[in-house]
Each structure stands twice: as C-alpha cells, then as structure tokens.
Amino acid sequence: MNGPAFVQGDRTVLLEVDHPAYEDARRRLVRFAELEKAPEHLHTYRVSDLALWNAAAAGMTAERVVDDLRAISRFELPPALEAEVRERMGRYGVCVLWDGPGGVGDPMLRLEVTADFVRQRLLADSKLAPLLEVGGPDGDLRLPVASRGLLKQRLFAMGYPVADVAGLVDGEPWPIALRSEVFEPHGYQREAATAFLDSGAHGVLVLPCGAGKTVIAMVTMAALGTHTLVLVSGKAAAAQWKRELVAKTSLREEDVAIYAGRDRRIAPVTLATYHTVARKGGKGRTGHTHFDALAEHPWGLVIYDEVHLLPARMFQLTAQLQARRRLGLTATLVREDGRAGEVFALIGPKRFDMPWRDLEETGHIATATCFEVRVPLAPELRLPYAEATAHEQPRIAGENPEKLGALRRLVQRHEGDRVLILGTYLDGLSAAAQIADAPLVTGQTPPAEREKRYADFRSGATRSLVLSRVGNFAIDLPEANVLIQVSGSMGSRQEEAQRLGRVLRPKPGGATFYSLVTRDTVEQEHALRRQRFLAEQGYRYYVEDADEPLLH
Amino acid sequence: MRASLAKALGVPVDAILAELKDADAVARRLEVAEPGGVLLLRALVLSGGAASLTELAEYLNRFEAVELDLEWVASALLPFGCLHVTFGHRGDPGLMLLDEAAPTLAALLWPLVEPGDEAPVALPAGSAPARRLALALAGQLAHRPLRATRAGLPNKTSLKQFVKELPVATEEADQALRKLIDAEAVEEVDGAYVPLRDELVAGPASLGLHHRLQEWLREEGPQRLRTLVDAALLQVSVDYAARQCLFDLESHGLEGTLLKDVETYVRQMPGLGIHDGWAGLATRGGEADGFVTPAFDVMVGPGASDDALLVVAMAARLVSVGPLYTFHLEPRTVAGAARHGVGADELLGALASLTRHPLPDNVAGMVREWFHAAKVARVRREWLVEGDDARLAAALGEGARLVPGVFRALSLDEAQRALESEGVAIAHPTSREALDDRADPLPAGPTFEPKDPAGWVGRLMARTFTEPPRAVLGERLAKARRGELRWTSDAEEPCPKCGGYHGLGDPEGAAGPDDLYADSPLDPALIDELERLRQEIRGELTGFRKRLVPRERAHLDELFEERPLHLLPLLTLKAKWRRRALKKATTLDAMLDEATRLALPTRISEIGARLMDALVAARADSLQAPVAERFEALAKSGKAVALVLRSGSPLVGVVEGVKRTKGEVRVLFLADEEPRGRVVPLEAIEGFYLE
C-alpha cells in the first residue's frame, strides 16, 4: 500500500497533493467525500453521511466506496470504517418518495419505508403524523405534495435521507440559448452543469468565487429551456445577474424581470432577493406575500444563488418548492449556523465541487496572495477600547486611524494597479476614500451613480474604488487586481471569501489581497478565523507588520 | 535455598551452582528430560522464575499438553535448580527457579532469534501505536486539565471529561492515561496532572516498560500468552539505544489465534512495535513524513520522532487519530505548552522536523506571537563549565558555548566524560551541594551482556517474591507469619520452629529482624498495624520521593523494600523537620544524616510514635534477656545496631558502636564523619535491631 491518502478513524481522508496518484485518488474520493480543506500540499476530505448519501443517490455501493478507499490508502483502513460506511449508506433507500397513482400531477405522494422502526418513528412524529396516511394495498404511507419538503427535513433530522424519485414539474417552456459569439463556457463549467442535469436536476454546485457560477446557471437554463426563478442575495446581485443574462444569452430585457417591492413583475426569468421572498405578510398559503405570488407561477427551475446564505427562515418556504428543479450555487457549503444538512434535504445533494487551487492552476481564476497587515491601535483609543463593550470594540478597532497610514503606503505600493478598498464602517471608508483619492460607493449611493462609478472603474477612468459592504456581493469588476480590506465583519468566512472573489477573475500577474488588522484587539482574533479559512482553501497568507513590511 | 537444594541433591553448594550455570550441562540434561518437564521449565522462565502449580496447569492446558503429575515432575526438575515452594495467601504450591539457574535456562529454552537478512533493520516508529497514543495524550495534559484526587489518583469526573473530548475511545484513553500515571511519566502537581517530558521521551523504560512488564509478569503468570513476548523481550534487559531486539513471532510456533493474541498484546504495549511479523522495540522516529498547513493543522506522520510528537501534542489540540495524528495549533494550546516549558524555537523545530515541506510563513509567525503573548519564562538547571575556551569547545562542542570560556552541559556526568576525554580535570567542588553531587556518581544503566556466538544470552528480570524475607514492616512480615514463602516437600510433619515443612532442609535465614518475628507468635492485630503503617509510610514517602533526583528514587525504593530501618530517622520526624532535612541535601544519605541530626523527642511524628510502639511490641516478645545484657553482647561483637528507645524518644539511626559508662550509653552514628555522640540511659533502650 503506498497510496496518496491517509484514512483516519473519524472518516477524514487526508490526500497528498504531490503524490503521483493524486488525480486518480481525487476522482475516486469526490464521489463519496466532501472536500473540507485544500491547502497546498494536503487536502482534507470527509466521508460524511451527506457525502455517502450523495454517493448512494448516484448509484454507488458501500463495497465500491470501501474498495476505492482501500485502493488509495497508504495504510490499512481503520477497523470500524467499513462497517460505518455500510451502515450509513444502507440508510439511503430506506425511505423512497414516489409519485402518487396519478403520476406527476397527483396531489398525493407515496412514501415507501422499508424499516419498521423508521416507519414507527414517522407515525409518531408530531409534525408529520397528521399529514401521513396509511393506505393502499402495499400499506405505504401517503402525504400531500405540499408536505414533500417537510417530510424530507424531518427524516433527515432522524438520520435517514429520502430518495426523492417523485417527478418534478416541468414548468412552462421558454427557450434559452447561449450567445456563442459572445462567450464560450469553460470545460469545468459544462462539467458542473452536466453533473447537475444528469443527477435529476436538483442539487448544489460548489465552486470558488470568480469561477463563473452564473455561466453554469446559464448553461443549465439553456439545457432545460423553462421559466426560471433566480433567488439572489441582494438587489445589486439581481442587477448583475440581469446584465449577464441579457449579455450572454438569447434573453431580452423584457424576458428578465427583477421582482422587487414596488415592481412585482414576473417574467419568464425572474430575479428576486431572499429578503423580499421571505418577507411575511398577506393571507396567502404560506403567509408570505411575495413567496405566495411567485410560487403560483409554473417555474421549471429555481436557482438559489449563494445558497450558503439562504436565510434559515427560507428553509420552510423552500420546502414548498420541492416539485421544481432546484439548483443551488455557492462557493462554500459551510454555514455558520450548521444547517448544511437542510440544504441537502431541501435543495439537493452536492453534485459538483472543485478546489480553488485547481482552478487557479488551470488559469481559470487568478492566483492570489493574501497579506494580513498588523497596525497598532492609536494611543488615544487604547483607553476607550479597553472600556468599550464587546459590541463596540470591533468598530473602534475597525476605524483605527493608524490604518490610514498603512493604507496610504499600500496604495502607493500599488500605484498603477486596479485597487478595490472594502470596509464595513462608513466613517473609516470616507477617510480611506480621501487617502486613496478614490470614489466611495455605499448603500446610500443612488443606483445610477453607483453604476457610473463601476463603469468608470471598468473602463480605467478611475483606478481605485472604495466600497462598503455592497462590495461583498456580486459586483462584477473583473479588472481589479488588488483588494484592500480595511475592516471586516466579525470574522465571517463567507465575507472573506466573497471579498477575495472580487479580484479572482483571471488576469496576468495574479491578484493581491490585504487585510488591515488592528493588533491586540478583537480584530486580530477574527482575522485568525478568516486566515484559517483562506488557508484551508489553499491560499498563502502572510502576516506583515505595518512598520516592517515584507518584500513580495 | 541453595543450601536446601544442595542438600537435597547431595552435592556441595558451589558445585550445584556451577552446574546450573553450565550451559552445555544444562542442555544435555534438557535433552533427556521429560517433555512435560521441559514445558514446565519454559513456563517458569516466562513467569520470571516462579509460578503456582495452578497457573502452570493452565499453561499446559493451553498447549494441550498431556496432564502430568506436576508434583512428580517438579521433583524431577530439581537438577535444574527448580524448587517446590508455596506462596500466595492460600499457600498455593508452586515451582521456583534459583536465580543462578534462570538465565541459562532462559537462553536455552527461549533463545532470541538473531535477526538475519530478512529481518527489518528496525521497527518503524509507527509500529508502536500504543506509545504514540500515550505521547499524544500526555501532551494534551499541557493545555487540558486532568485533576487528581488527594490520594494522587485521577479524579473520575475530570477523567471522564478529559477523555470525552478526545478523538479516541473512552476506554482506550482511560487505559493509556492510567499507564502513564503508573509509569510516573505524568505527575500530579497542585492537583492536576502534568506531562514530564524528559520521562516521556527518554526511552521505552521511561514509559514504564520495564516496570509495566514486571508488573504484568507478576500479575498474570504464564498462562497468558502475552508473557511469551514479555519474557522474550525481557531476556534482553537492554541498553535500548544500543541494540534493536527483535522477536520473530513465527519461529516460536505462534500462528493463528495465538499469533493474533500476541500481536494484539504487543500493539498495546508502549515502546513495542510489530511490523511484518517481527515484534520488538520500535524506533523512536525522526522521519519527516507529516504536514503543517497554513490553516494551523499539523499532521504528524508515523515516522515522526517521539519528541516531535510530544512537543506538538503539548502545543496543539488533538483532532484525529489514525496513520496520521492530526492536531490543530491554537493560541490557548500554545500557551499551555509554554507553561510546560516548551519554547517557540523548540516547537518550530519540532514542526520543521516532521513536515516534508517548508513550514508556512504565517504559521511560524503566529506561533512566535502566541508564545510571546503567553508571557512564560522557563527556568531550568544546567551545569556551567568554565575554563579554557578552546579546550572546552573541543570537549563539549561549539554549540554548548554560552560566552567565551563558559559552556553548558546537561549533566555533571556528561561534563566529566567529555572533559576527561580531552584530558581536562574538573576542579574540586566549592559547595556542599556540589560535593554531594560528586560523591554520588550516576549509577550505570542496565547493560546488555556480550553476545554469545552460540546465540544471544540475556538475563531474566529480577523476581520479587522469592528473595529471602528481610523486611520488617507490613506485608512481608504478614506473609511470613501466615506461612507464605516456606519450603515444602512431601514431609508430613511441620517444623516445630516455624510451622513449615522442611523436607528439603531448613530455610536459609538472614540474621535480621524477620528471624526474630518468625520465632514469635505475633498478634495478628499487630501484624495488621504494621501493614497499615507500611501503607501510610509509603504514602508519605510518595511526596518525599518527588524531591529526590531520579537516581535517588530507586535507592529509596530499594531501602524501603529491603532495609526500611535505614529510613526510620526520616520517617519518624514530623513533616516540618523532615522538610528541613530535605532542604539541606539532595541525596538520600545526606537527608538521612540530616534527619538523624534533627531527631529529638519533641520532633517525632504521630506515625513515628506508632511505628516505634509497634516495633517495640513486636520485639518485646522475643526478648530472652534484659535488653541491656544482650545489647552489650552485641555491642562487643562489633555489629551495627539500631536502637529502639522508649516510647517518646526518637528512634536513632545506625549505631556504630557503644560505650557504656556508668549506666549510660554513648552511641555513635554510622554516618558521622566525626564522632557525634548522643547519650542515652540504658533503661531507655527498649530494643535493638541488627543491620
């Protein structure tokens, strides 16, 4: 045995990247393991329950999983692992959801349960019992179509995945074609779309920021040719999506609507924010005005952009859309609230993922180098910081005036580059904008002015731009090659990844990411978490003192 | 015992001993011996030299041996130095080998296989999973508390909590921790256990390998298969750094289930490894087959050195166990390591030694920051050597230089050896402490006997329950009283003197206290009291023991087992005065001297008073004549005595001589460099002991 993998007793698999058999091992592993960390030389996978169920859903057997592990392992497998894999995979298929007797249009679904004790638990469940009927010659359980999502959630919570083979509503057809004269999807983008479509058209695709998830969505939409609802994280993202769709597909302006509070137009392709959809109100079926309105439409595909940001309250509503094809897009399945399993249950299993570094090596995203620049707290702020509450301390540290000197040096260092400066606290950003002599875009900036500033940056009329948290999401500024983060947001890993994604479009010379951190404050603790996340993704992270900059 | 054997065989003692050591003679005798007898001898070797007949019968059954008349066979084994004895609380009959016979028999019956070309050069470090786990768990103690009870045992709730958060099975972790505690590789300090790094990585013995194996031999007996490996490996009581000893499992006819049993057992033993059918001492590693990621994850490969694994375990949280031990570095864990004497350079060096790729810059930077933030300084003792810079550099190495002309040495012994090799003498010490150090050179460690061209020859580990009884206190006394450790044969009548059966002759006794007690019908309550005192004193000695340097601890243990009266000056003092004695000296003898000097009636402790009362009570029965008369006779004989004075007076130490003048006795203490007498009235002497 001299494989590239170390299989641990807790079902993590450490894969040595530099081993000659790495590629083969990786191809085997991704079928039944989730990539957790991908630093330079050693990637960490986990043979999680979710991953095993994904594999079972794709037709893999436990024997095959064990054989593959044995084939790639450098040492003998842990004694209990084989039994665990069998047991876990054996749970997939215990519960199978079928269409009712009437087929796809039948208002009832049929649940086949092969294990008596699971069946008993279901019948005893306080939320499900009222919805379940025992009937038919086979004694199967039946439940209304509308309860499909709830059933899957509850069973998942019990540790049993549901093999949902009930049909999906086709939706209203609408032909969509890619504009090949404008762009050509990359190979990995087609691969991801194919993986989604071949597996039943419900699931999640995990790719790094800057990898072109929107393109993958377009490829999928073109393949399905149906009315599509796209749920996004915010208005700016919606605007960005619309631009992309109109530019790169056969869709016209009037074919794509942004459903907003005032403009409630529904078009063949409709974009709506999570926030809008989840807003409570009205007397509709779910008590959520906009969701009820949108749910009535014959969508053939629902796309969840940045699905890791799916608000918890959306899970319930998402459960109502189970009859539709569902595509989740994300850079990371990590959720700070730990509810990744519900994403599996309600949207679908992960169908594709790719480590950031792989895309970097193939040139599909830019090579990035990350720096953490440590700045001392201004003397006049030491006492206020010490006396501040835990809530106030991040702001004091974030708006530390000492950062401005470091910012000035960085801007001077990158004179000639295209620099984005991002931050959370507006006072500090205003000062930063002055230092960098750059325009500032915040949530208060009118949309028209915002677009103009983006356009100026793209064209090169301005070489620097300062952005508040609006810059976290879905702003397409591919020319940027330097990102300076002057203040973060409590160590959110998603935010760190999102911000880095702004500069990861492929470009010569790669990209540089700076994070200014006030030393010996709560910012430093948060920075450590973010540092860890990026390091897990494989990025080199250097720590630099503002007074003793590293040469790079 | 030897006399008994000689008498039974009708040959002089010297002749019988020579015969027992003559390998050719023993081999010839083995060739014609009954197969069952040979099997019994093999079993005895495995047991360390003694086993009850019950245990031997079980062993024979394991190998489906024909049922034998064990007692008849035992008689036939006399020429091999095998005696028929009794032991155990119930007086179980058994067999015992003389010390002189055991090594020869061991070498003939359980020869070690000389590693040939097919043998691995060394067993990889990763083949000793138990040791790796022990080190990883010990390291966690640096930043995760495990509390101890007042009795010095792990607090159960704390232990549960400790193991609960570890990625190992609770039972497995629990066992490993207890072994570490038993092996004194972790120590209780201020109510919590801390890892003793030097003890943990000094070698297999420091993980209690010797100690543990001895214990298991005593406890388990020959019927357990694991003693096969024990005995085979114990045959080489080794200088572990010098030789790799390998035990070819299959050559001993182990296969199938038996082989699995042995393999399982070996894997559990710290320090032992099993690899490709060979069992033996695993190497201590040093390969860079691990990883350190920029996300502060550390993966320690199977080839990592013990020290690197331990240092990482002390500085990082254990995440998972497997072919790689994975850890995660955190500020909290690094601070814990700093508190236990690990330095930043040390940790970075350990990380660099175990990873096959360069250490990530951010990891190195953050580790230094965390150490800096921990605000811990390390204080340790080293030896400074001052002299001619060039000569010292040649002797001790450039790396040992602190400033020109001043070098550092880890130990006086090391310095002495190194300097002597360069022809440099060491100046005389200038303090009493330094004098004490020079007066007690480090004893030589266990050595491996020269290899016999005919095969490896080792020696058996010392057996502990077959020595002639010499101790006074507690459990051995109780055994003697209850008739254990006596000689038996098919004689019908018990000895009128001691109640034993002496078909093979009278037991050879020592001119010591036990003779006195063996003659007297002691009150069982007194025996119990002595046993209690022994336990209490042992408990008191535990704390005292920690103050001693390691080599002195063995000395203390030996004294307590063999000649506890030597310790009485220290034991009878109140704690405060005992501490004062401890402060003054670093060696045991010096402490005893100081304790003797401090001993006054008002300073005797409660245990001391009880002890003296018990000794006096035990002694009183056997007094055949007034104390004074016997005492004088003994004093004239020139034998050293220890005095027991009347209750209320401290027990004095070893007396070199006495002089009687006008109803008083001037006693001289053995350890004095100049006469330092104390005068006591004769009437105050309650008893005495010969040393």
# chains A, B, ... in the order shown; residues from 1 in each chain; ligands from 1
>>> interface_residues(of="chain B", to="chain A", cutoff="8 Å", atoms="only C-alpha atoms", output="ChimeraX atom specification")
/B:167,291,293-296,320-324,360-362,365
>>> select_by_dssp(residues="stretch 289-380 of chain B", states="alpha helix (DSSP H)", output="ChimeraX atom specification")
/B:306-315,331-339,344-354,361-374
>>> write_last_selection(atoms="N, CA and C atoms", output="compact mmCIF listing (two decimals), in the first residue's frame")
# COMPACT_ATOMS: atom_id res chain seq x y z
N ASP B 306 9.63 10.74 18.67
CA ASP B 306 8.83 10.82 19.89
C ASP B 306 8.77 12.24 20.40
N ASP B 307 9.92 12.88 20.39
CA ASP B 307 9.98 14.22 20.96
C ASP B 307 9.14 15.19 20.14
N ALA B 308 9.20 15.07 18.83
CA ALA B 308 8.41 15.96 17.99
C ALA B 308 6.93 15.72 18.23
N LEU B 309 6.54 14.48 18.30
CA LEU B 309 5.12 14.18 18.53
C LEU B 309 4.68 14.74 19.88
N LEU B 310 5.50 14.57 20.88
CA LEU B 310 5.10 15.05 22.20
C LEU B 310 5.04 16.57 22.24
N VAL B 311 6.02 17.22 21.66
CA VAL B 311 6.02 18.69 21.67
C VAL B 311 4.78 19.22 20.93
N VAL B 312 4.48 18.63 19.81
CA VAL B 312 3.29 19.07 19.08
C VAL B 312 2.03 18.80 19.90
N ALA B 313 1.98 17.65 20.53
CA ALA B 313 0.80 17.30 21.33
C ALA B 313 0.63 18.27 22.49
N MET B 314 1.77 18.77 23.00
CA MET B 314 1.68 19.72 24.10
C MET B 314 1.22 21.08 23.62
N ALA B 315 1.47 21.36 22.36
CA ALA B 315 1.18 22.71 21.85
C ALA B 315 -0.05 22.77 20.98
N PRO B 331 -3.97 29.51 19.97
CA PRO B 331 -3.27 30.33 20.96
C PRO B 331 -3.33 29.70 22.35
N ARG B 332 -4.47 29.14 22.69
CA ARG B 332 -4.63 28.57 24.02
C ARG B 332 -3.70 27.37 24.23
N THR B 333 -3.61 26.53 23.22
CA THR B 333 -2.79 25.33 23.38
C THR B 333 -1.30 25.69 23.37
N VAL B 334 -0.94 26.66 22.57
CA VAL B 334 0.46 27.07 22.55
C VAL B 334 0.84 27.67 23.91
N ALA B 335 -0.08 28.43 24.49
CA ALA B 335 0.18 28.98 25.82
C ALA B 335 0.36 27.85 26.83
N GLY B 336 -0.41 26.80 26.70
CA GLY B 336 -0.27 25.64 27.59
C GLY B 336 1.11 25.02 27.46
N ALA B 337 1.57 24.88 26.23
CA ALA B 337 2.90 24.31 26.02
C ALA B 337 3.96 25.20 26.64
N ALA B 338 3.78 26.52 26.48
CA ALA B 338 4.75 27.45 27.06
C ALA B 338 4.79 27.28 28.57
N ARG B 339 3.67 27.09 29.17
CA ARG B 339 3.62 26.91 30.62
C ARG B 339 4.31 25.64 31.05
N ALA B 344 9.34 28.60 21.83
CA ALA B 344 8.92 28.82 20.45
C ALA B 344 9.85 28.12 19.46
N ASP B 345 11.14 28.26 19.67
CA ASP B 345 12.09 27.62 18.76
C ASP B 345 11.95 26.12 18.81
N GLU B 346 11.67 25.64 19.99
CA GLU B 346 11.51 24.19 20.15
C GLU B 346 10.33 23.68 19.35
N LEU B 347 9.22 24.37 19.47
CA LEU B 347 8.03 23.95 18.74
C LEU B 347 8.25 24.08 17.24
N LEU B 348 8.81 25.18 16.84
CA LEU B 348 9.04 25.36 15.41
C LEU B 348 10.03 24.32 14.89
N GLY B 349 11.02 24.02 15.71
CA GLY B 349 11.94 22.97 15.32
C GLY B 349 11.25 21.63 15.18
N ALA B 350 10.36 21.32 16.11
CA ALA B 350 9.62 20.06 16.04
C ALA B 350 8.75 20.03 14.79
N LEU B 351 8.09 21.15 14.51
CA LEU B 351 7.24 21.20 13.32
C LEU B 351 8.08 21.01 12.06
N ALA B 352 9.21 21.72 12.03
CA ALA B 352 10.05 21.62 10.84
C ALA B 352 10.59 20.20 10.67
N SER B 353 10.81 19.52 11.77
CA SER B 353 11.40 18.17 11.67
C SER B 353 10.39 17.15 11.16
N LEU B 354 9.13 17.42 11.33
CA LEU B 354 8.17 16.38 10.97
C LEU B 354 7.48 16.62 9.64
N ASP B 361 4.91 30.32 6.31
CA ASP B 361 5.37 31.54 6.99
C ASP B 361 4.38 32.01 8.04
N ASN B 362 3.12 31.97 7.72
CA ASN B 362 2.15 32.52 8.68
C ASN B 362 2.12 31.66 9.95
N VAL B 363 2.34 30.38 9.81
CA VAL B 363 2.35 29.52 10.99
C VAL B 363 3.53 29.88 11.88
N ALA B 364 4.70 30.02 11.27
CA ALA B 364 5.88 30.36 12.06
C ALA B 364 5.68 31.70 12.77
N GLY B 365 5.14 32.67 12.04
CA GLY B 365 4.92 33.98 12.62
C GLY B 365 3.90 33.96 13.75
N MET B 366 2.81 33.26 13.53
CA MET B 366 1.76 33.25 14.56
C MET B 366 2.22 32.48 15.78
N VAL B 367 2.95 31.41 15.56
CA VAL B 367 3.43 30.62 16.71
C VAL B 367 4.30 31.49 17.59
N ARG B 368 5.17 32.26 16.98
CA ARG B 368 6.03 33.15 17.79
C ARG B 368 5.18 34.18 18.52
N GLU B 369 4.20 34.69 17.84
CA GLU B 369 3.32 35.66 18.51
C GLU B 369 2.62 35.06 19.69
N TRP B 370 2.13 33.88 19.54
CA TRP B 370 1.40 33.25 20.63
C TRP B 370 2.31 32.94 21.81
N PHE B 371 3.52 32.53 21.53
CA PHE B 371 4.45 32.31 22.63
C PHE B 371 4.75 33.62 23.34
N HIS B 372 4.92 34.64 22.53
CA HIS B 372 5.20 35.95 23.11
C HIS B 372 4.05 36.40 24.01
N ALA B 373 2.84 36.15 23.53
CA ALA B 373 1.67 36.56 24.29
C ALA B 373 1.50 35.74 25.56
N ALA B 374 2.06 34.53 25.56
CA ALA B 374 1.88 33.65 26.71
C ALA B 374 2.62 34.14 27.95
>>> residues_around(residues="A:Val165", least_positions_apart="4", cutoff="9 Å", atoms="only C-alpha atoms", output="ChimeraX atom specification")
/A:96-99,200
>>> write_last_selection(atoms="C-alpha atoms", output="CSV table (one decimal), in the first residue's frame")
chain,number,residue,atom,x,y,z
A,96,VAL,CA,-38.2,6.4,-1.1
A,97,LEU,CA,-40.6,9.1,-2.2
A,98,TRP,CA,-42.7,8.3,-5.3
A,99,ASP,CA,-45.4,10.0,-7.3
A,200,GLY,CA,-32.0,14.6,-11.6
>>> select_by_dssp(residues="stretch 334-538 of chain A", states="strand (DSSP E or B)", output="PyMOL selection string")
chain A and resi 350-353+368-375+419-422+440-441+464-467+482-485+511-518
>>> write_last_selection(atoms="C-alpha atoms", output="short mmCIF file (atom, residue, chain, number, x, y, z; two decimals), in the first residue's frame")
data_model
loop_
_atom_site.label_atom_id
_atom_site.label_comp_id
_atom_site.auth_asym_id
_atom_site.auth_seq_id
_atom_site.Cartn_x
_atom_site.Cartn_y
_atom_site.Cartn_z
CA LYS A 350 -23.90 18.35 -3.79
CA ARG A 351 -23.34 17.41 -7.40
CA PHE A 352 -20.05 19.06 -8.15
CA ASP A 353 -17.19 20.77 -6.43
CA ALA A 368 -3.96 35.32 -5.20
CA THR A 369 -1.57 36.15 -2.42
CA CYS A 370 -3.02 37.22 0.92
CA PHE A 371 -1.45 39.55 3.43
CA GLU A 372 -2.51 40.48 6.90
CA VAL A 373 -1.10 43.87 7.80
CA ARG A 374 -0.90 44.48 11.53
CA VAL A 375 -1.42 48.01 12.69
CA VAL A 419 -7.39 48.72 -6.44
CA LEU A 420 -10.60 47.98 -4.59
CA ILE A 421 -10.83 49.13 -0.98
CA LEU A 422 -13.55 47.45 1.05
CA LEU A 440 -16.83 55.88 -2.47
CA VAL A 441 -19.85 53.62 -3.06
CA SER A 464 -9.30 52.85 -7.33
CA LEU A 465 -12.69 52.40 -5.80
CA VAL A 466 -13.85 52.35 -2.19
CA LEU A 467 -16.83 50.13 -1.37
CA VAL A 482 -5.67 44.44 -5.62
CA LEU A 483 -8.15 44.28 -2.79
CA ILE A 484 -7.55 46.08 0.48
CA GLN A 485 -9.90 45.25 3.29
CA ALA A 511 -4.16 39.29 -7.50
CA THR A 512 -3.20 40.57 -4.08
CA PHE A 513 -5.45 40.73 -1.05
CA TYR A 514 -4.64 42.81 2.01
CA SER A 515 -6.46 42.78 5.28
CA LEU A 516 -5.66 45.61 7.70
CA VAL A 517 -5.93 44.39 11.27
CA THR A 518 -5.51 46.35 14.47
#
>>> residues_around(residues="A:Gly103", least_positions_apart="3", cutoff="12 Å", atoms="only C-alpha atoms", output="JSON, numbers by chain")
{"A": [98, 99, 100, 106, 107, 108, 109, 110, 145, 165, 166, 167, 168, 169]}
>>> atom_distance(atom1="atom CA of A:Tyr22", atom2="atom CA of A:Pro4")
6.1 Å
>>> residues_around(residues="stretch 428-434 of chain A", least_positions_apart="3", cutoff="6 Å", atoms="only C-alpha atoms", output="PDB file with C-alpha atoms, in the first residue's frame")
ATOM      1  CA  GLU A 399     -11.933  52.606  12.462  1.00  0.00           C
ATOM      2  CA  TYR A 425     -17.603  51.154   8.843  1.00  0.00           C
ATOM      3  CA  ASP A 437      -8.292  59.712  -3.781  1.00  0.00           C
ATOM      4  CA  ALA A 438     -10.989  57.342  -4.967  1.00  0.00           C
ATOM      5  CA  VAL A 466     -13.845  52.349  -2.191  1.00  0.00           C
TER       6      VAL A 466
END
>>> closest_residue(among="A:Gly348, A:Gly300, A:Gly135, A:Pro447", to="A:Thr318", atoms="only C-alpha atoms")
A:Gly348
